[in-house]
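The data block below is model.txt; it holds compact mmCIF, C-alpha atoms.
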# COMPACT_ATOMS: atom_id res chain seq x y z
CA PHE N 95 10.90 -12.09 7.77
CA PHE N 96 10.60 -15.80 8.27
CA SER N 97 9.16 -17.69 11.16
CA SER N 98 8.71 -21.32 12.14
CA ARG N 99 7.07 -22.44 15.34
CA ARG N 100 7.19 -18.84 16.58
CA ARG N 101 11.00 -18.69 16.31
CA HIS N 102 12.53 -15.80 14.40
CA THR N 103 15.23 -16.21 11.77
CA ARG N 104 17.25 -13.27 10.48
CA LEU N 105 18.59 -13.68 6.97
CA GLN N 106 22.30 -12.81 7.01
CA GLY N 107 21.59 -9.61 8.94
CA ASP N 108 20.05 -7.94 5.89
CA TRP N 109 16.65 -7.35 7.43
CA SER N 110 16.11 -4.35 9.69
CA SER N 111 13.59 -6.18 11.84
CA ASP N 112 11.82 -9.47 12.10
CA VAL N 113 8.29 -10.39 12.99
CA CYS N 114 6.18 -13.50 12.72
CA SER N 115 2.43 -13.96 12.40
CA SER N 116 2.00 -14.67 16.09
CA ASP N 117 3.62 -11.32 16.88
CA LEU N 118 1.11 -9.51 14.65
CA HIS N 119 -1.80 -11.05 16.49
CA ARG N 120 -0.28 -10.09 19.83
CA GLY N 121 -0.04 -6.49 18.60
CA ARG N 122 3.73 -6.07 18.65
CA ALA N 123 5.09 -3.19 16.56
CA LEU N 124 7.75 -3.51 13.91
CA ARG N 125 11.10 -2.25 15.08
CA GLY N 126 13.91 -0.49 13.26
CA ALA N 127 12.01 1.15 10.43
CA SER N 128 9.58 3.85 11.53
CA PRO N 129 6.91 4.14 14.22
CA LEU N 130 4.18 1.72 13.27
CA GLY N 131 1.40 0.53 15.51
CA VAL N 132 0.13 -2.96 14.75
CA ALA N 133 -3.49 -3.60 15.64
CA ALA N 134 -4.49 -7.12 16.51
CA PRO N 135 -6.97 -8.13 13.81
CA SER N 136 -10.27 -9.55 15.01
CA PRO N 137 -11.30 -12.62 12.95
CA ARG N 138 -14.87 -12.05 14.10
CA ASP N 139 -14.93 -8.47 12.78
CA ALA N 140 -13.22 -9.42 9.51
CA HIS N 141 -15.63 -12.31 8.92
CA ALA N 142 -18.59 -10.05 9.70
CA VAL N 143 -17.53 -7.65 6.94
CA LEU N 144 -17.00 -10.50 4.47
CA ASP N 145 -20.34 -12.02 5.46
CA ASP N 146 -22.23 -8.75 4.90
CA VAL N 147 -20.65 -8.13 1.49
CA GLY N 148 -20.99 -11.78 0.48
CA ALA N 149 -24.68 -11.75 1.40
CA TRP N 150 -25.17 -8.60 -0.70
CA ILE N 151 -23.49 -10.25 -3.70
CA ALA N 152 -25.63 -13.36 -3.29
CA ARG N 153 -28.86 -11.33 -3.11
CA SER N 154 -27.81 -9.32 -6.18
CA LEU N 155 -27.51 -12.61 -8.08
CA GLY N 156 -30.86 -13.83 -6.82
CA LEU N 157 -29.25 -16.40 -4.51
CA ARG N 158 -30.14 -17.16 -0.93
CA PRO N 159 -27.27 -16.13 1.36
CA GLY N 160 -25.98 -19.03 3.39
CA PRO N 161 -23.36 -19.46 6.09
CA ARG N 162 -19.93 -18.49 4.84
CA THR N 163 -16.98 -20.83 5.18
CA PHE N 164 -14.42 -18.27 3.92
CA ASP N 165 -12.76 -20.98 1.89
CA ASP N 166 -10.22 -19.57 -0.60
CA ALA N 167 -11.85 -21.72 -3.27
CA ASP N 168 -15.34 -20.35 -2.61
CA PRO N 169 -16.36 -18.07 -5.53
CA ILE N 170 -18.30 -15.57 -3.39
CA THR N 171 -15.41 -15.31 -0.95
CA VAL N 172 -12.97 -14.66 -3.81
CA VAL N 173 -15.21 -11.96 -5.34
CA THR N 174 -15.87 -10.38 -1.95
CA ARG N 175 -12.20 -10.16 -1.08
CA THR N 176 -11.37 -8.76 -4.52
CA ILE N 177 -13.97 -5.99 -4.16
CA LEU N 178 -12.89 -5.09 -0.64
CA ASN N 179 -9.18 -5.15 -1.46
CA GLY N 180 -9.64 -3.09 -4.61
CA TYR N 181 -11.49 -0.26 -2.91
CA ASN N 182 -9.58 -0.40 0.36
CA ALA N 183 -6.08 -0.33 -1.15
CA THR N 184 -6.86 2.51 -3.57
CA ALA N 185 -8.58 4.63 -0.91
CA THR N 186 -5.77 4.06 1.58
CA ALA N 187 -3.05 4.94 -0.94
CA LEU N 188 -4.99 8.05 -2.02
CA ALA N 189 -5.20 9.20 1.61
CA TRP N 190 -1.42 8.91 2.06
CA LEU N 191 -0.90 10.65 -1.29
CA GLY N 192 -3.09 13.54 -0.14
CA GLN N 193 -1.10 13.93 3.06
CA ALA N 194 2.21 13.88 1.20
CA LEU N 195 1.08 16.51 -1.32
CA ALA N 196 -0.51 18.78 1.31
CA ALA N 197 2.86 19.14 3.02
CA ARG N 198 4.62 20.09 -0.25
CA PRO N 199 3.08 23.04 -2.11
CA ASP N 200 6.15 23.25 -4.36
CA LEU N 201 5.52 19.70 -5.51
CA GLN N 202 1.86 20.50 -6.14
CA ALA N 203 2.93 23.40 -8.35
CA GLN N 204 5.30 21.14 -10.28
CA LEU N 205 2.55 18.59 -10.89
CA ALA N 206 0.07 21.30 -11.87
CA ALA N 207 2.57 22.58 -14.44
CA GLU N 208 3.01 19.10 -15.86
CA ALA N 209 -0.75 18.62 -16.23
CA ALA N 210 -1.42 22.14 -17.53
CA GLY N 211 -3.97 22.08 -20.31
CA LEU N 212 -5.48 18.75 -19.27
CA THR N 213 -8.94 19.87 -18.21
CA THR N 214 -10.02 16.27 -17.66
CA PRO N 215 -7.05 13.93 -17.07
CA ARG N 216 -7.60 10.49 -18.57
CA PRO N 217 -5.65 7.22 -18.81
CA SER N 218 -4.57 8.26 -22.31
CA HIS N 219 -2.54 11.07 -20.68
CA LEU N 220 -0.44 8.75 -18.50
CA ARG N 221 2.63 8.93 -20.73
CA SER N 222 2.86 12.70 -20.25
CA LEU N 223 2.32 12.62 -16.46
CA VAL N 224 5.85 11.46 -15.64
CA HIS N 225 6.26 13.36 -12.36
CA HIS N 226 2.79 12.35 -11.21
CA ARG N 227 3.81 8.74 -11.61
CA ARG N 228 7.01 9.24 -9.62
CA VAL N 229 5.01 10.81 -6.79
CA VAL N 230 2.60 7.87 -6.77
CA LEU N 231 5.40 5.29 -6.76
CA GLU N 232 7.15 7.09 -3.90
CA THR N 233 3.89 7.21 -1.95
CA LEU N 234 3.48 3.46 -2.40
CA ARG N 235 7.07 2.99 -1.25
CA LEU N 236 6.66 4.85 2.03
CA TRP N 237 3.07 3.81 2.72
CA PRO N 238 2.30 0.51 0.97
CA PRO N 239 -1.33 -0.41 1.74
CA ALA N 240 -0.32 -4.09 1.85
CA TRP N 241 2.29 -3.54 4.56
CA ALA N 242 2.69 -7.25 5.40
CA LEU N 243 2.37 -10.24 3.08
CA GLY N 244 1.85 -13.75 4.39
CA ARG N 245 2.76 -17.00 2.66
CA ARG N 246 3.23 -20.62 3.67
CA ALA N 247 6.05 -22.86 2.41
CA ARG N 248 4.61 -25.83 0.51
CA VAL N 249 7.88 -27.80 0.50
CA ASN N 250 11.10 -27.84 2.52
CA LEU N 251 13.12 -24.82 1.43
CA GLU N 252 16.60 -23.36 1.92
CA LEU N 253 16.45 -19.59 1.63
CA GLY N 254 19.67 -17.76 2.37
CA SER N 255 20.80 -18.96 5.78
CA ALA N 256 17.31 -20.07 6.79
CA SER N 257 15.96 -23.60 6.60
CA LEU N 258 12.20 -23.54 6.13
CA PRO N 259 10.34 -26.81 6.72
CA ALA N 260 7.17 -27.37 4.71
CA GLY N 261 4.28 -25.59 6.40
CA THR N 262 6.39 -22.72 7.70
CA SER N 263 4.55 -19.40 7.87
CA VAL N 264 6.45 -16.65 6.05
CA THR N 265 5.69 -12.96 6.56
CA VAL N 266 7.39 -10.29 4.45
CA SER N 267 6.84 -6.61 5.28
CA PRO N 268 7.11 -4.27 2.26
CA TYR N 269 6.79 -1.38 4.73
CA THR N 270 10.07 -2.30 6.42
CA LEU N 271 11.78 -3.38 3.19
CA HIS N 272 10.97 -0.02 1.58
CA ARG N 273 12.61 1.82 4.48
CA GLY N 274 15.72 -0.33 4.61
CA ARG N 275 19.23 -0.37 3.23
CA TRP N 276 18.24 -0.83 -0.42
CA TRP N 277 17.30 2.85 -0.61
CA ASN N 278 19.26 6.10 -0.24
CA ARG N 279 17.72 8.29 2.48
CA PRO N 280 14.87 5.78 2.88
CA GLY N 281 12.84 7.94 5.28
CA GLU N 282 12.77 10.93 2.91
CA PHE N 283 9.94 11.57 0.47
CA ASP N 284 11.82 11.91 -2.82
CA PRO N 285 9.79 11.09 -5.96
CA ASP N 286 12.79 11.70 -8.22
CA ARG N 287 14.41 8.50 -6.95
CA PHE N 288 12.04 6.79 -9.41
CA ALA N 289 13.66 8.53 -12.36
CA THR N 290 15.43 5.16 -12.63
CA LEU N 291 14.01 1.74 -11.94
CA PRO N 292 14.61 0.47 -8.41
CA ARG N 293 16.57 -2.68 -7.74
CA HIS N 294 14.45 -5.75 -8.42
CA GLY N 295 12.81 -6.91 -5.22
CA ALA N 296 13.37 -3.62 -3.35
CA TRP N 297 9.91 -2.18 -4.20
CA LEU N 298 7.07 -4.59 -3.44
CA PRO N 299 3.82 -2.72 -2.73
CA PHE N 300 1.98 -5.37 -4.73
CA GLY N 301 4.07 -8.38 -3.80
CA ASP N 302 5.94 -10.35 -6.42
CA GLY N 303 6.03 -13.68 -8.19
CA ALA N 304 3.05 -15.84 -9.10
CA ARG N 305 0.92 -14.36 -6.31
CA ARG N 306 1.60 -10.73 -7.25
CA CYS N 307 -1.49 -8.54 -6.97
CA PRO N 308 -3.28 -8.43 -10.35
CA ALA N 309 -3.85 -4.69 -9.86
CA ALA N 310 -0.11 -3.97 -9.95
CA SER N 311 -0.30 -2.67 -13.52
CA LEU N 312 -3.56 -0.79 -12.98
CA ALA N 313 -3.46 0.84 -9.54
CA PRO N 314 -0.52 3.27 -10.10
CA GLY N 315 -2.12 4.64 -13.27
CA HIS N 316 -5.44 4.96 -11.47
CA LEU N 317 -3.78 7.00 -8.71
CA VAL N 318 -1.92 9.16 -11.25
CA VAL N 319 -5.17 10.15 -12.96
CA LEU N 320 -6.88 10.81 -9.61
CA ALA N 321 -3.98 13.02 -8.46
CA ALA N 322 -3.96 14.99 -11.72
CA ALA N 323 -7.73 15.49 -11.60
CA LEU N 324 -7.58 16.56 -7.96
CA LEU N 325 -4.80 19.12 -8.48
CA ALA N 326 -6.54 20.50 -11.55
CA ARG N 327 -9.29 21.83 -9.29
CA HIS N 328 -7.82 22.23 -5.82
CA ARG N 329 -4.80 23.14 -3.77
CA LEU N 330 -4.08 20.96 -0.77
CA ALA N 331 -2.95 22.20 2.64
CA PRO N 332 -2.37 20.35 5.92
CA GLY N 333 -5.36 19.99 8.20
CA SER N 334 -5.57 21.02 11.83
CA GLN N 335 -5.01 17.51 13.21
CA GLY N 336 -1.39 17.15 12.15
CA GLU N 337 0.10 14.35 10.08
CA ALA N 338 -1.28 10.86 10.55
CA VAL N 339 0.92 7.99 11.69
CA PRO N 340 0.78 4.64 9.84
CA HIS N 341 -1.11 1.95 11.72
CA GLY N 342 -0.80 -1.64 10.59
CA PHE N 343 -4.08 -3.54 10.40
CA ILE N 344 -5.39 -5.35 7.32
CA SER N 345 -3.96 -2.41 5.37
CA LEU N 346 -1.59 0.40 6.37
CA ARG N 347 -4.17 2.82 7.69
CA PRO N 348 -3.71 6.34 9.10
CA ASP N 349 -3.99 6.12 12.87
CA ARG N 350 -6.64 8.85 13.10
CA GLY N 351 -7.44 9.54 9.48
CA VAL N 352 -5.76 11.96 7.10
CA TRP N 353 -6.81 15.58 7.58
CA VAL N 354 -6.28 17.78 4.53
CA ARG N 355 -7.79 21.13 3.56
CA PHE N 356 -9.00 21.44 -0.02
CA LEU N 357 -8.60 25.04 -1.17
CA PRO N 358 -10.52 26.18 -4.24
CA GLY N 359 -8.58 26.83 -7.40
CA ALA N 360 -5.56 25.07 -8.85
CA HIS N 361 -2.03 26.42 -8.69
CA SER N 362 -1.44 29.24 -11.13
CA VAL N 363 0.48 27.89 -14.09
CA GLN N 364 1.87 29.72 -17.08
CA VAL N 365 1.12 27.63 -20.17
CA PRO N 366 3.67 28.32 -22.92
CA ALA N 367 2.27 29.43 -26.24
CA GLU N 368 2.47 26.87 -29.01
As a first step, turn the structure in this file into C-alpha cells.
Amino acid sequence: FFSSRRRHTRLQGDWSSDVCSSDLHRGRALRGASPLGVAAPSPRDAHAVLDDVGAWIARSLGLRPGPRTFDDADPITVVTRTILNGYNATATALAWLGQALAARPDLQAQLAAEAAGLTTPRPSHLRSLVHHRRVVLETLRLWPPAWALGRRARVNLELGSASLPAGTSVTVSPYTLHRGRWWNRPGEFDPDRFATLPRHGAWLPFGDGARRCPAASLAPGHLVVLAAALLARHRLAPGSQGEAVPHGFISLRPDRGVWVRFLPGAHSVQVPAE
C-alpha cells in the first residue's frame, strides 16, 4: 500500500486492497481480505498513556517528570514505547493463540503429545517443540499484532509501477499481505504450512529490513514456551461470547476480548517407554 497526497496507487494489481494513512484516521476498513474494523486512533489518548508511563520511568530514576515532546530521539520516549510495544504485542498474540487453540481440541492434543514429559517448558526445549512453533507462526500470520506498518520515503523512489516522491507516506499491512495470493488457502488456520519456509517477504509480522522489530527472534520462542506451559496444565475450550473479530487500532486487538474457558488438567497423553 502506497499513498501520496491521499491518492492511492496499486502496484501491478498484486495487492488485494489499498489504504493510506488518512483512511486509517477516518476509520475506513480494509477491503478484500477479511472483516476488519479500523478504529480511529486518538493522539490525545495515545499521548496520555505515553505520558503516564514516561512519568513513572522518570520517577523510578529519581528524575522530575516534565512535559513530553514524544520526539523519536527522546530516550524516555524510546524506552516507553519499547516497554508498551513489548507487552502489548505479546499479550495480543497470546490472546489470538488462545482463541485458535480453543477451537481445535485435536491440535491441543497433538501439542500436548509433543511436550509430554516437559513438566516446566523452558527456552532450552524450543528445538523439540516443532509443532508448537508452527502453531505460533500461523497465529502471527493470521493475526499479526502489528497489522499496519508506516514508513516515509526519504528520497524519490521508483517501486514497481509506483513513483514515490520524497516525503511520501507508505503504509504496508501485514494483515492483508498474509491473507493474499502468496498463500494457499490463506483464510484457513493450517500450522503445517510452516513445515517449509514461506516465500521471502510474504510473512511480515515483525516488518523487514533495517527497521525490523528487534523482538523478531525472541517473540515466537516466548510464545512457544507460553503455549507449552499453558497446555501442560489446562485444556482450552471456547467461551460463551463466541469468537472475537480482529479490530485494527495500534495493534490488532480482539473487538470484544477473547473468551476462552480454561479446564483443569492437560490432555491425556501416552508417553512411550524408553
**Report entry** Best match for closeness to Thr213 of chain N among N:Ala326, N:Arg347, N:Ala187, N:Arg306, counting all atoms listed in the file
**Finding:**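 Smallest separation from Thr213 of chain N among the options: N:Ala326.
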Quick one: everything within 9 Å of Phe300 of chain N, counting all atoms listed in the file, minus sequence neighbours fewer than 6 positions away in the same chain. Send it as a PDB file with C-alpha atoms, in the coordinates of the input.
ATOM      1  CA  PRO N 238       2.300   0.510   0.970  1.00  0.00           C
ATOM      2  CA  PRO N 239      -1.330  -0.410   1.740  1.00  0.00           C
ATOM      3  CA  ALA N 240      -0.320  -4.090   1.850  1.00  0.00           C
ATOM      4  CA  PRO N 268       7.110  -4.270   2.260  1.00  0.00           C
ATOM      5  CA  ARG N 306       1.600 -10.730  -7.250  1.00  0.00           C
ATOM      6  CA  CYS N 307      -1.490  -8.540  -6.970  1.00  0.00           C
ATOM      7  CA  PRO N 308      -3.280  -8.430 -10.350  1.00  0.00           C
ATOM      8  CA  ALA N 309      -3.850  -4.690  -9.860  1.00  0.00           C
ATOM      9  CA  ALA N 310      -0.110  -3.970  -9.950  1.00  0.00           C
TER      10      ALA N 310
END
Query - Residue with smallest distance to Trp297 of chain N - pool N:Leu231, N:Val339, N:Leu223, N:Leu188, counting all atoms listed in the file - result: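 The closest residue to Trp297 of chain N is N:Leu231.
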Query raised in the report: Which polymer residues have any atom within 12 Å of an atom of Arg329 of chain N, counting all atoms listed in the file, with same-chain residues fewer than 3 positions away left out, as number ranges by chain?
Result: N: 192, 195-203, 205-206, 321-326, 332, 354-362
**Report entry** Local residues around (-5.3, 13.3, 12.0), at most 9 Å away, using all atoms listed in the file, as an MDAnalysis selection string
**Finding:** chainID N and resid 333:339 348:354
Can you write out the residues you just picked, keeping C-alpha atoms, as a PDB file, in the frame of the given file?
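Result went into again.pdb, see below:
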ATOM      1  CA  GLY N 333      -5.360  19.990   8.200  1.00  0.00           C
ATOM      2  CA  SER N 334      -5.570  21.020  11.830  1.00  0.00           C
ATOM      3  CA  GLN N 335      -5.010  17.510  13.210  1.00  0.00           C
ATOM      4  CA  GLY N 336      -1.390  17.150  12.150  1.00  0.00           C
ATOM      5  CA  GLU N 337       0.100  14.350  10.080  1.00  0.00           C
ATOM      6  CA  ALA N 338      -1.280  10.860  10.550  1.00  0.00           C
ATOM      7  CA  VAL N 339       0.920   7.990  11.690  1.00  0.00           C
ATOM      8  CA  PRO N 348      -3.710   6.340   9.100  1.00  0.00           C
ATOM      9  CA  ASP N 349      -3.990   6.120  12.870  1.00  0.00           C
ATOM     10  CA  ARG N 350      -6.640   8.850  13.100  1.00  0.00           C
ATOM     11  CA  GLY N 351      -7.440   9.540   9.480  1.00  0.00           C
ATOM     12  CA  VAL N 352      -5.760  11.960   7.100  1.00  0.00           C
ATOM     13  CA  TRP N 353      -6.810  15.580   7.580  1.00  0.00           C
ATOM     14  CA  VAL N 354      -6.280  17.780   4.530  1.00  0.00           C
TER      15      VAL N 354
END
Query raised in the report: How far is it from atom CA of Leu178 of chain N to atom CA of Ser263 of chain N, in Å with one decimal?
Result: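 Computing it gives 24.1 Å between the two atoms.
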Need the axis-aligned box for segment 326-340 of chain N with 5 Å each side, so what are the centre and edges in Å to one decimal, as JSON?
{"center_x": -4.2, "center_y": 13.9, "center_z": 0.8, "size_x": 20.2, "size_y": 28.5, "size_z": 34.8}
Query raised in the report: Could you state the separation of atom CA of Tyr181 of chain N and atom CA of Leu271 of chain N in Å, given to one decimal place?
Result: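 Separation between atom CA of Tyr181 of chain N and atom CA of Leu271 of chain N: 24.3 Å.
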**Report entry** Which residue of N:Ala256, N:Leu330, N:Leu236, N:Leu320 approaches Leu298 of chain N most closely, using all atoms listed in the file
**Finding:**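 Smallest distance to Leu298 of chain N is found for N:Leu236.
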Requested in this report: Skip Asn250 of chain N itself and residues of its chain fewer than 3 positions away, then list as an MDAnalysis selection string all residues within 6 Å of it, counting only C-alpha atoms.
Outcome: chainID N and resid 258:260
Query raised in the report: Near Ser267 of chain N, counting all atoms listed in the file, which residues have an atom at most 7 Å away, once you skip same-chain residues fewer than 5 positions from it, shown as a ChimeraX atom specification?
Result: /N:241-243
Query raised in the report: To one decimal place, how far is atom CA of Val229 of chain N from atom CA of Phe283 of chain N in Å?
Result: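 Going from atom CA of Val229 of chain N over to atom CA of Phe283 of chain N, I get 8.8 Å.
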Query - Nearest-residue call for Pro340 of chain N, choices N:Val264, N:Ser222, N:Pro215, N:Tyr269, using all atoms listed in the file - result: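 Nearest candidate to Pro340 of chain N out of N:Val264, N:Ser222, N:Pro215, N:Tyr269: N:Tyr269.
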Report task. Excluding Arg228 of chain N and residues on its chain fewer than 6 positions from it, collect all residues at most 12 Å away from it, counting only C-alpha atoms, and give them as a VMD selection string. Result -> chain N and resid 191 201 205 220 to 222 234 to 235 283 to 292 314 to 315 317 to 318 321
For the selection just defined, write its residues with C-alpha atoms to a file, as a short mmCIF file (atom, residue, chain, number, x, y, z; two decimals), in the coordinates of the input.
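Contents of again_3.cif, freshly written:
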data_model
loop_
_atom_site.label_atom_id
_atom_site.label_comp_id
_atom_site.auth_asym_id
_atom_site.auth_seq_id
_atom_site.Cartn_x
_atom_site.Cartn_y
_atom_site.Cartn_z
CA LEU N 191 -0.90 10.65 -1.29
CA LEU N 201 5.52 19.70 -5.51
CA LEU N 205 2.55 18.59 -10.89
CA LEU N 220 -0.44 8.75 -18.50
CA ARG N 221 2.63 8.93 -20.73
CA SER N 222 2.86 12.70 -20.25
CA LEU N 234 3.48 3.46 -2.40
CA ARG N 235 7.07 2.99 -1.25
CA PHE N 283 9.94 11.57 0.47
CA ASP N 284 11.82 11.91 -2.82
CA PRO N 285 9.79 11.09 -5.96
CA ASP N 286 12.79 11.70 -8.22
CA ARG N 287 14.41 8.50 -6.95
CA PHE N 288 12.04 6.79 -9.41
CA ALA N 289 13.66 8.53 -12.36
CA THR N 290 15.43 5.16 -12.63
CA LEU N 291 14.01 1.74 -11.94
CA PRO N 292 14.61 0.47 -8.41
CA PRO N 314 -0.52 3.27 -10.10
CA GLY N 315 -2.12 4.64 -13.27
CA LEU N 317 -3.78 7.00 -8.71
CA VAL N 318 -1.92 9.16 -11.25
CA ALA N 321 -3.98 13.02 -8.46
#
Requested in this report: Point out the residue among N:Asn278, N:Ser345, N:Thr186, N:Ser255 with the least atom-to-atom distance to Ala313 of chain N, counting only C-alpha atoms.
Outcome: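 Comparing N:Asn278, N:Ser345, N:Thr186, N:Ser255 against Ala313 of chain N, the winner is N:Thr186.
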